>>> print(open('model-v3.pdb').read())   # PDB, C-alpha atoms, pLDDT in the B column
ATOM      1  CA  MET A   1      -6.535  14.259  -0.447  1.00 84.00           C
ATOM      2  CA  ASN A   2      -4.799  16.496  -2.970  1.00 93.00           C
ATOM      3  CA  LEU A   3      -4.696  16.267  -6.758  1.00 94.00           C
ATOM      4  CA  ASP A   4      -1.413  14.365  -6.719  1.00 95.00           C
ATOM      5  CA  ASP A   5      -2.882  11.735  -4.366  1.00 96.00           C
ATOM      6  CA  GLN A   6      -5.961  11.456  -6.565  1.00 97.00           C
ATOM      7  CA  ALA A   7      -3.798  11.017  -9.663  1.00 98.00           C
ATOM      8  CA  PHE A   8      -1.790   8.303  -7.903  1.00 98.00           C
ATOM      9  CA  LEU A   9      -4.912   6.383  -6.826  1.00 98.00           C
ATOM     10  CA  PHE A  10      -6.374   6.735 -10.310  1.00 98.00           C
ATOM     11  CA  GLN A  11      -3.188   5.353 -11.871  1.00 98.00           C
ATOM     12  CA  LEU A  12      -3.075   2.481  -9.358  1.00 98.00           C
ATOM     13  CA  GLY A  13      -6.717   1.629 -10.015  1.00 98.00           C
ATOM     14  CA  SER A  14      -6.207   1.737 -13.782  1.00 98.00           C
ATOM     15  CA  ARG A  15      -3.253  -0.617 -13.451  1.00 98.00           C
ATOM     16  CA  ILE A  16      -5.345  -3.059 -11.389  1.00 98.00           C
ATOM     17  CA  ARG A  17      -8.147  -2.921 -13.977  1.00 98.00           C
ATOM     18  CA  GLU A  18      -5.664  -3.468 -16.809  1.00 98.00           C
ATOM     19  CA  ILE A  19      -4.169  -6.569 -15.164  1.00 98.00           C
ATOM     20  CA  ARG A  20      -7.607  -7.939 -14.176  1.00 98.00           C
ATOM     21  CA  GLU A  21      -8.868  -7.603 -17.744  1.00 98.00           C
ATOM     22  CA  LYS A  22      -5.696  -9.164 -19.148  1.00 98.00           C
ATOM     23  CA  LYS A  23      -6.361 -12.154 -16.892  1.00 97.00           C
ATOM     24  CA  GLY A  24      -9.929 -12.357 -18.222  1.00 98.00           C
ATOM     25  CA  LEU A  25     -11.512 -11.769 -14.817  1.00 98.00           C
ATOM     26  CA  THR A  26     -14.654  -9.749 -14.121  1.00 98.00           C
ATOM     27  CA  GLN A  27     -14.775  -7.421 -11.116  1.00 98.00           C
ATOM     28  CA  ALA A  28     -17.170  -9.880  -9.472  1.00 98.00           C
ATOM     29  CA  GLU A  29     -14.782 -12.794 -10.028  1.00 98.00           C
ATOM     30  CA  LEU A  30     -11.799 -10.902  -8.649  1.00 98.00           C
ATOM     31  CA  ALA A  31     -13.897  -9.717  -5.699  1.00 98.00           C
ATOM     32  CA  GLU A  32     -14.916 -13.283  -4.884  1.00 98.00           C
ATOM     33  CA  LYS A  33     -11.328 -14.536  -5.018  1.00 98.00           C
ATOM     34  CA  CYS A  34     -10.307 -11.682  -2.703  1.00 97.00           C
ATOM     35  CA  GLN A  35     -13.315 -12.091  -0.410  1.00 96.00           C
ATOM     36  CA  LEU A  36     -13.987  -8.390  -0.919  1.00 97.00           C
ATOM     37  CA  HIS A  37     -17.147  -6.740  -2.221  1.00 97.00           C
ATOM     38  CA  ARG A  38     -17.496  -6.142  -5.957  1.00 97.00           C
ATOM     39  CA  THR A  39     -18.292  -2.469  -5.348  1.00 97.00           C
ATOM     40  CA  PHE A  40     -15.064  -2.190  -3.336  1.00 98.00           C
ATOM     41  CA  ILE A  41     -13.040  -3.483  -6.310  1.00 98.00           C
ATOM     42  CA  GLY A  42     -14.961  -1.074  -8.544  1.00 98.00           C
ATOM     43  CA  SER A  43     -14.135   1.923  -6.364  1.00 98.00           C
ATOM     44  CA  VAL A  44     -10.462   0.882  -6.172  1.00 98.00           C
ATOM     45  CA  GLU A  45     -10.277   0.632  -9.972  1.00 98.00           C
ATOM     46  CA  ARG A  46     -11.820   4.097 -10.308  1.00 98.00           C
ATOM     47  CA  GLY A  47      -9.181   5.483  -7.929  1.00 98.00           C
ATOM     48  CA  GLU A  48     -11.784   6.436  -5.366  1.00 97.00           C
ATOM     49  CA  ARG A  49     -10.393   4.386  -2.533  1.00 97.00           C
ATOM     50  CA  ASN A  50      -7.328   4.968  -0.337  1.00 98.00           C
ATOM     51  CA  LEU A  51      -7.124   1.283   0.433  1.00 98.00           C
ATOM     52  CA  SER A  52      -4.974  -0.403   3.061  1.00 98.00           C
ATOM     53  CA  ILE A  53      -1.757  -2.141   2.157  1.00 98.00           C
ATOM     54  CA  LEU A  54      -3.209  -5.504   3.252  1.00 98.00           C
ATOM     55  CA  ASN A  55      -6.198  -5.147   0.926  1.00 98.00           C
ATOM     56  CA  LEU A  56      -3.896  -4.081  -1.897  1.00 98.00           C
ATOM     57  CA  ARG A  57      -1.758  -7.146  -1.181  1.00 98.00           C
ATOM     58  CA  ILE A  58      -4.829  -9.411  -1.350  1.00 98.00           C
ATOM     59  CA  ILE A  59      -5.733  -7.914  -4.740  1.00 98.00           C
ATOM     60  CA  ALA A  60      -2.160  -8.323  -6.045  1.00 98.00           C
ATOM     61  CA  ARG A  61      -2.017 -11.912  -4.827  1.00 97.00           C
ATOM     62  CA  ASN A  62      -5.297 -12.829  -6.526  1.00 98.00           C
ATOM     63  CA  LEU A  63      -4.136 -11.161  -9.742  1.00 98.00           C
ATOM     64  CA  ARG A  64      -0.959 -13.264  -9.371  1.00 98.00           C
ATOM     65  CA  VAL A  65       1.373 -10.287  -9.551  1.00 98.00           C
ATOM     66  CA  SER A  66       3.728  -8.853  -6.953  1.00 96.00           C
ATOM     67  CA  LEU A  67       2.836  -5.633  -5.169  1.00 96.00           C
ATOM     68  CA  SER A  68       5.734  -3.895  -6.950  1.00 94.00           C
ATOM     69  CA  ASN A  69       4.052  -4.653 -10.268  1.00 94.00           C
ATOM     70  CA  LEU A  70       1.141  -2.409  -9.333  1.00 96.00           C
ATOM     71  CA  PHE A  71       3.178   0.826  -9.161  1.00 92.00           C
TER
ATOM     72  CA  MET B   1      -5.470 -10.278  10.502  1.00 84.00           C
ATOM     73  CA  ASN B   2      -3.782 -13.653  10.161  1.00 93.00           C
ATOM     74  CA  LEU B   3      -0.179 -14.633  10.847  1.00 94.00           C
ATOM     75  CA  ASP B   4       0.814 -14.156   7.211  1.00 95.00           C
ATOM     76  CA  ASP B   5      -0.553 -10.590   7.244  1.00 96.00           C
ATOM     77  CA  GLN B   6       1.275  -9.894  10.501  1.00 97.00           C
ATOM     78  CA  ALA B   7       4.523 -11.255   9.055  1.00 98.00           C
ATOM     79  CA  PHE B   8       4.094  -9.066   5.968  1.00 98.00           C
ATOM     80  CA  LEU B   9       3.475  -5.902   8.031  1.00 98.00           C
ATOM     81  CA  PHE B  10       6.435  -6.748  10.263  1.00 98.00           C
ATOM     82  CA  GLN B  11       8.704  -7.181   7.243  1.00 98.00           C
ATOM     83  CA  LEU B  12       7.435  -3.931   5.699  1.00 98.00           C
ATOM     84  CA  GLY B  13       7.991  -2.050   8.948  1.00 98.00           C
ATOM     85  CA  SER B  14      11.481  -3.486   9.357  1.00 98.00           C
ATOM     86  CA  ARG B  15      12.337  -2.390   5.824  1.00 98.00           C
ATOM     87  CA  ILE B  16      11.117   1.147   6.553  1.00 98.00           C
ATOM     88  CA  ARG B  17      13.167   1.267   9.759  1.00 98.00           C
ATOM     89  CA  GLU B  18      16.240  -0.046   7.928  1.00 98.00           C
ATOM     90  CA  ILE B  19      16.002   2.642   5.233  1.00 98.00           C
ATOM     91  CA  ARG B  20      15.247   5.402   7.757  1.00 98.00           C
ATOM     92  CA  GLU B  21      18.294   4.477   9.839  1.00 98.00           C
ATOM     93  CA  LYS B  22      20.475   4.259   6.737  1.00 98.00           C
ATOM     94  CA  LYS B  23      19.422   7.819   5.912  1.00 97.00           C
ATOM     95  CA  GLY B  24      20.356   8.891   9.445  1.00 98.00           C
ATOM     96  CA  LEU B  25      16.826  10.005  10.331  1.00 98.00           C
ATOM     97  CA  THR B  26      15.142   9.592  13.717  1.00 98.00           C
ATOM     98  CA  GLN B  27      11.485   8.496  13.855  1.00 98.00           C
ATOM     99  CA  ALA B  28      10.621  12.043  14.968  1.00 98.00           C
ATOM    100  CA  GLU B  29      12.447  13.571  11.992  1.00 98.00           C
ATOM    101  CA  LEU B  30      10.780  11.230   9.506  1.00 98.00           C
ATOM    102  CA  ALA B  31       7.408  11.867  11.155  1.00 98.00           C
ATOM    103  CA  GLU B  32       7.860  15.622  10.830  1.00 98.00           C
ATOM    104  CA  LYS B  33       8.795  15.375   7.140  1.00 98.00           C
ATOM    105  CA  CYS B  34       5.713  13.196   6.555  1.00 97.00           C
ATOM    106  CA  GLN B  35       3.439  15.377   8.703  1.00 96.00           C
ATOM    107  CA  LEU B  36       2.489  12.203  10.580  1.00 97.00           C
ATOM    108  CA  HIS B  37       2.759  11.514  14.301  1.00 97.00           C
ATOM    109  CA  ARG B  38       5.967   9.967  15.644  1.00 97.00           C
ATOM    110  CA  THR B  39       3.967   7.226  17.367  1.00 97.00           C
ATOM    111  CA  PHE B  40       2.349   6.406  14.010  1.00 98.00           C
ATOM    112  CA  ILE B  41       5.774   5.893  12.416  1.00 98.00           C
ATOM    113  CA  GLY B  42       6.763   3.785  15.429  1.00 98.00           C
ATOM    114  CA  SER B  43       3.737   1.522  15.094  1.00 98.00           C
ATOM    115  CA  VAL B  44       4.316   1.151  11.331  1.00 98.00           C
ATOM    116  CA  GLU B  45       7.941   0.149  11.931  1.00 98.00           C
ATOM    117  CA  ARG B  46       6.834  -2.431  14.493  1.00 98.00           C
ATOM    118  CA  GLY B  47       4.408  -3.881  11.943  1.00 98.00           C
ATOM    119  CA  GLU B  48       1.403  -3.004  14.077  1.00 97.00           C
ATOM    120  CA  ARG B  49      -0.325  -0.834  11.514  1.00 97.00           C
ATOM    121  CA  ASN B  50      -2.262  -1.788   8.380  1.00 98.00           C
ATOM    122  CA  LEU B  51      -1.600   1.614   6.891  1.00 98.00           C
ATOM    123  CA  SER B  52      -3.185   3.116   3.801  1.00 98.00           C
ATOM    124  CA  ILE B  53      -1.389   3.180   0.489  1.00 98.00           C
ATOM    125  CA  LEU B  54      -1.325   7.005   0.547  1.00 98.00           C
ATOM    126  CA  ASN B  55       0.398   7.080   3.943  1.00 98.00           C
ATOM    127  CA  LEU B  56       2.854   4.444   2.769  1.00 98.00           C
ATOM    128  CA  ARG B  57       3.532   6.565  -0.307  1.00 98.00           C
ATOM    129  CA  ILE B  58       4.199   9.619   1.878  1.00 98.00           C
ATOM    130  CA  ILE B  59       6.700   7.600   3.930  1.00 98.00           C
ATOM    131  CA  ALA B  60       8.414   6.256   0.782  1.00 98.00           C
ATOM    132  CA  ARG B  61       8.614   9.733  -0.708  1.00 97.00           C
ATOM    133  CA  ASN B  62      10.186  11.207   2.421  1.00 98.00           C
ATOM    134  CA  LEU B  63      12.676   8.334   2.577  1.00 98.00           C
ATOM    135  CA  ARG B  64      13.432   9.135  -1.086  1.00 98.00           C
ATOM    136  CA  VAL B  65      12.728   5.607  -2.294  1.00 98.00           C
ATOM    137  CA  SER B  66      10.044   4.292  -4.610  1.00 96.00           C
ATOM    138  CA  LEU B  67       7.124   2.325  -3.206  1.00 96.00           C
ATOM    139  CA  SER B  68       8.434  -0.805  -4.958  1.00 94.00           C
ATOM    140  CA  ASN B  69      11.604  -0.535  -2.878  1.00 94.00           C
ATOM    141  CA  LEU B  70       9.623  -1.149   0.290  1.00 96.00           C
ATOM    142  CA  PHE B  71       8.495  -4.683  -0.631  1.00 92.00           C
TER
END
>>> encode(input="model-v3.pdb", output="structure tokens")
Amino acid sequence: MNLDDQAFLFQLGSRIREIREKKGLTQAELAEKCQLHRTFIGSVERGERNLSILNLRIIARNLRVSLSNLF
Amino acid sequence: MNLDDQAFLFQLGSRIREIREKKGLTQAELAEKCQLHRTFIGSVERGERNLSILNLRIIARNLRVSLSNLF
């Protein structure tokens, strides 16, 4: 993973965090809705995770935004 | 993976194929640009692959479209 990839994942994670907080959800609450682990959501938000498109779609759906809104 | 996930991946793959063909690229040519294997591109286009967001980004970049354009 190069610096550009890292910057992209960091930006994506920050966007997810921003939307989650706007919706008044904790990481644990979002994780439960998504049926994913809280630490997984945490690592995504920190840009540490090259997640799959299906997991990203689950997160978008539970944040009630479209995938396009995350980029 | 449920039917809804499969339908989503199939739609995503079809969209990638549509754009690739519009650009006049073969799977092998797109694969080479992306530094991915031709069979990987083939499986993505058939909706058989829950690919990572970084690989999807590489494909979008080499098709010269934004990620949002793929959904």
>>> residues_around(input="model-v3.pdb", residues="Leu51 (chain A)", least_positions_apart="5", cutoff="7 Å", atoms="only C-alpha atoms", output="PDB file with C-alpha atoms, in the coordinates of the input")
ATOM      1  CA  LEU A  56      -3.896  -4.081  -1.897  1.00 98.00           C
TER       2      LEU A  56
ATOM      3  CA  SER B  52      -3.185   3.116   3.801  1.00 98.00           C
ATOM      4  CA  ILE B  53      -1.389   3.180   0.489  1.00 98.00           C
TER       5      ILE B  53
END
>>> interface_residues(input="model-v3.pdb", of="chain B", to="chain A", cutoff="9 Å", atoms="only C-alpha atoms", output="count of residues only")
16
>>> resolve_selection(input="model-v3.pdb", expression="the PyMOL selection byres ((chain A and resi 12-23) around 6)", output="list in words")
Leu9, Phe10, Gln11, Gly24, Leu25, Val44, Glu45, Arg46 and Gly47 of chain A
>>> write_last_selection(input="model-v3.pdb", atoms="C-alpha atoms", output="short mmCIF file (atom, residue, chain, number, x, y, z; two decimals), in the coordinates of the input")
data_model
loop_
_atom_site.label_atom_id
_atom_site.label_comp_id
_atom_site.auth_asym_id
_atom_site.auth_seq_id
_atom_site.Cartn_x
_atom_site.Cartn_y
_atom_site.Cartn_z
CA LEU A 9 -4.91 6.38 -6.83
CA PHE A 10 -6.37 6.74 -10.31
CA GLN A 11 -3.19 5.35 -11.87
CA GLY A 24 -9.93 -12.36 -18.22
CA LEU A 25 -11.51 -11.77 -14.82
CA VAL A 44 -10.46 0.88 -6.17
CA GLU A 45 -10.28 0.63 -9.97
CA ARG A 46 -11.82 4.10 -10.31
CA GLY A 47 -9.18 5.48 -7.93
#
>>> atom_distance(input="model-v3.pdb", atom1="CA of Asp4 (chain A)", atom2="CA of Gln27 (chain B)")
25.0 Å
>>> atom_distance(input="model-v3.pdb", atom1="CA of Asn62 (chain B)", atom2="CA of Leu30 (chain B)")
7.1 Å
>>> axis_aligned_box(input="model-v3.pdb", around="region 7-18 of chain B", padding_each_side="5 Å", output="lines of an AutoDock Vina configuration file")
center_x = 9.9
center_y = -5.0
center_z = 8.0
size_x = 22.8
size_y = 22.5
size_z = 14.6
>>> atom_distance(input="model-v3.pdb", atom1="CA of Arg38 (chain B)", atom2="CA of Ile59 (chain B)")
12.0 Å
